[in-house]
Amino acid sequence: MKTINWSGYEWITQERWGDIHPEKTYCWYDEHAVSIDVNNHLHLKTRYNPKWFKDKGLWSNTGVGLVSCTNKFKHGTFEIEAKLPNGLNLWPAFWMWSWDTWPPEIDVFEGYSDKNPNYLDLSNLLKIRKIESNVHYLGEDNKDKTLGAKKHWMGFKDPTKRFIKYKMIWLPESISIYYDNILVRKIEDKNILKQLNATTLNVVINNHVTDKMDSTYNWQNFQSLAQESDFTIKQFTYTKL
């Protein structure tokens with residue numbers, strides 16, 4: 001596990017519970033897929049880098065860049081300015097989850113490029129990018145519930161070619177999500193807010209791939225396997241309430 005200092009905070013280059021997800025074993029959190037350039041921009045990449053996990057008895061094909069902040073955050077404003085990675089079957093995200101348990105989780109955005117490398121999804125011409133917000137919470141039956149993923153209007157410009165500000169304002173009475181300072185979603189569900197207000201949040205930013213990426217390894221040649229995607233983040237800022 002590698003630790004980096006960026007945007008005034010300490011980050012680890014894997015999830016706090018390990019370097020491979022127990023249910024998404026087709027990729028793993030690769031410290032060498034994380035870097036900071038001379039402008040202090042964070043780069044989270046995907047790269048073909050098979051690794052053997054002896055305890056699981058399996059190979060994981062793709063190394064992905066992820067950073068998890070070691071700080072425990074409470075109410076306030078969370079923002080990144082980022083250019084999304086270009087490529088098929090990518091899954092970049094900016095999200096938070098509780099230090100105490102899971103759920104709750106807030107997904108400021110999750111991008112899915114399973115149809116087009118620039119996240120285009122022409123099924124809804126007003127919301128043409130498959131870049132979504134969501135919230136996970138604990139239901140009355142003690143099972144994971146979700147408010148439901150929603151796409152939002154982001155303009156016509158390609159988010160893989162320009163930097164966009166993704167922001168969440170967490171108040172005791174509401175959660176507001178903004179893309180380029182435009183309010184796209186507001187959450188005021190009292191049960192969700194009660195769960196969030198009782199905990200602190202872990203901030204995670206990651207590049208990722210979907211399982212569709214793994215299935216293509218059977219026919220792609222090595223040159224295309226070795227191509228990288230690059231999720232570039234100018235900075236992360238947090239303003240305490």
# chains A, B, ... in the order shown; residues from 1 in each chain; ligands from 1
call {"tool": "residues_around", "arguments": {"residues": "Asp121 of chain A", "least_positions_apart": "3", "cutoff": "12 Å", "atoms": "only C-alpha atoms", "output": "PyMOL selection string"}}
result
chain A and resi 111-118+124-132+151-153+156
call {"tool": "closest_atom_pairs", "arguments": {"of": "segment 59-144 of chain A", "to": "segment 186-209 of chain A", "cutoff": "7 Å", "atoms": "only C-alpha atoms", "output": "Markdown table"}}
result
| residue | atom | partner | partner_atom | distance |
| --- | --- | --- | --- | --- |
| A:Val64 | CA | A:His208 | CA | 5.6 |
| A:Gly65 | CA | A:Asn207 | CA | 5.4 |
| A:Leu66 | CA | A:Asn206 | CA | 4.1 |
| A:Val67 | CA | A:Ile205 | CA | 5.5 |
| A:Ser68 | CA | A:Val204 | CA | 4.5 |
| A:Cys69 | CA | A:Val203 | CA | 5.5 |
| A:Asn71 | CA | A:Asn202 | CA | 6.9 |
| A:Lys72 | CA | A:Thr200 | CA | 5.6 |
| A:Phe73 | CA | A:Leu201 | CA | 5.0 |
| A:Lys74 | CA | A:Thr200 | CA | 5.2 |
| A:Asn89 | CA | A:Val209 | CA | 5.8 |
| A:Leu90 | CA | A:Val209 | CA | 4.3 |
| A:Trp91 | CA | A:His208 | CA | 4.7 |
| A:Pro92 | CA | A:Asn207 | CA | 4.2 |
| A:Ala93 | CA | A:Asn206 | CA | 5.5 |
| A:Phe94 | CA | A:Ile205 | CA | 4.6 |
| A:Trp95 | CA | A:Val204 | CA | 5.4 |
| A:Met96 | CA | A:Val203 | CA | 4.5 |
| A:Trp97 | CA | A:Leu201 | CA | 5.2 |
| A:Ser98 | CA | A:Leu201 | CA | 4.6 |
| A:Trp99 | CA | A:Leu201 | CA | 5.7 |
| A:Asp100 | CA | A:Thr199 | CA | 6.7 |
| A:Pro104 | CA | A:Leu196 | CA | 6.6 |
| A:Tyr137 | CA | A:Ile192 | CA | 6.1 |
call {"tool": "closest_residue", "arguments": {"among": "A:Ser60, A:Thr101, A:Asn40, A:Asn49", "to": "His21 of chain A", "atoms": "only C-alpha atoms"}}
result
A:Ser60
call {"tool": "residues_around", "arguments": {"residues": "Asp37 of chain A", "least_positions_apart": "5", "cutoff": "10 Å", "atoms": "only C-alpha atoms", "output": "PyMOL selection string"}}
result
chain A and resi 42-43+232+234
call {"tool": "write_last_selection", "arguments": {"atoms": "C-alpha atoms", "output": "CSV table (one decimal), in the first residue's frame"}}
result
chain,number,residue,atom,x,y,z
A,42,LEU,CA,-3.8,13.7,-9.8
A,43,HIS,CA,-3.8,11.0,-12.5
A,232,THR,CA,-7.2,13.6,-14.4
A,234,LYS,CA,-6.9,19.2,-10.8
call {"tool": "closest_residue", "arguments": {"among": "A:Thr70, A:Glu173, A:Lys83, A:Thr210", "to": "Glu10 of chain A", "atoms": "only C-alpha atoms"}}
result
A:Thr70
call {"tool": "select_by_dssp", "arguments": {"residues": "segment 28-64 of chain A", "states": "strand (DSSP E)", "output": "list in words"}}
result
Trp28, Tyr29, Val34, Ser35, Ile36, Leu42, His43, Leu44, Lys45, Thr46, Arg47, Tyr48, Asn49, Pro50, Lys51, Trp52, Phe53, Leu58, Trp59, Ser60, Asn61, Thr62, Gly63 and Val64 of chain A
call {"tool": "atom_distance", "arguments": {"atom1": "atom CA of Glu228 of chain A", "atom2": "atom CA of Gly87 of chain A"}}
result
8.6 Å
call {"tool": "closest_residue", "arguments": {"among": "A:Met168, A:Ile12, A:Val135, A:Ile20", "to": "Lys56 of chain A", "atoms": "only C-alpha atoms"}}
result
A:Ile20
call {"tool": "residues_around", "arguments": {"residues": "Leu58 of chain A", "least_positions_apart": "6", "cutoff": "10 Å", "atoms": "only C-alpha atoms", "output": "list in words"}}
result
Thr25, Tyr26, Lys51 and Trp52 of chain A
call {"tool": "write_last_selection", "arguments": {"atoms": "N, CA and C atoms", "output": "PDB file, in the first residue's frame"}}
result
ATOM      1  N   THR A  25     -13.422  -9.004  -8.980  1.00  0.00           N
ATOM      2  CA  THR A  25     -12.037  -9.464  -8.998  1.00  0.00           C
ATOM      3  C   THR A  25     -11.362  -9.320 -10.355  1.00  0.00           C
ATOM      4  N   TYR A  26     -12.078  -8.805 -11.356  1.00  0.00           N
ATOM      5  CA  TYR A  26     -11.492  -8.618 -12.683  1.00  0.00           C
ATOM      6  C   TYR A  26     -10.544  -7.414 -12.727  1.00  0.00           C
ATOM      7  N   LYS A  51      -2.266  -9.621 -12.160  1.00  0.00           N
ATOM      8  CA  LYS A  51      -1.662  -9.908 -10.855  1.00  0.00           C
ATOM      9  C   LYS A  51      -2.308 -11.171 -10.288  1.00  0.00           C
ATOM     10  N   TRP A  52      -1.451 -12.043  -9.726  1.00  0.00           N
ATOM     11  CA  TRP A  52      -1.926 -13.272  -9.115  1.00  0.00           C
ATOM     12  C   TRP A  52      -2.256 -13.035  -7.648  1.00  0.00           C
TER      13      TRP A  52
END
call {"tool": "atom_distance", "arguments": {"atom1": "atom CA of Arg162 of chain A", "atom2": "atom CA of Asn181 of chain A"}}
result
15.0 Å
call {"tool": "select_by_dssp", "arguments": {"residues": "segment 29-213 of chain A", "states": "alpha helix (DSSP H)", "output": "PyMOL selection string"}}
result
chain A and resi 190-197+211-213
call {"tool": "closest_residue", "arguments": {"among": "A:Ser7, A:Ser229, A:Ser174, A:Thr239", "to": "Glu81 of chain A", "atoms": "only C-alpha atoms"}}
result
A:Ser7
call {"tool": "atom_distance", "arguments": {"atom1": "atom CA of Ile106 of chain A", "atom2": "atom CA of Leu147 of chain A"}}
result
10.2 Å
call {"tool": "closest_residue", "arguments": {"among": "A:Tyr238, A:Phe231, A:Trp170, A:Trp11", "to": "Ala33 of chain A", "atoms": "only C-alpha atoms"}}
result
A:Phe231
call {"tool": "closest_residue", "arguments": {"among": "A:Ser123, A:Thr237, A:Thr160, A:Asn86", "to": "Trp6 of chain A", "atoms": "only C-alpha atoms"}}
result
A:Thr237
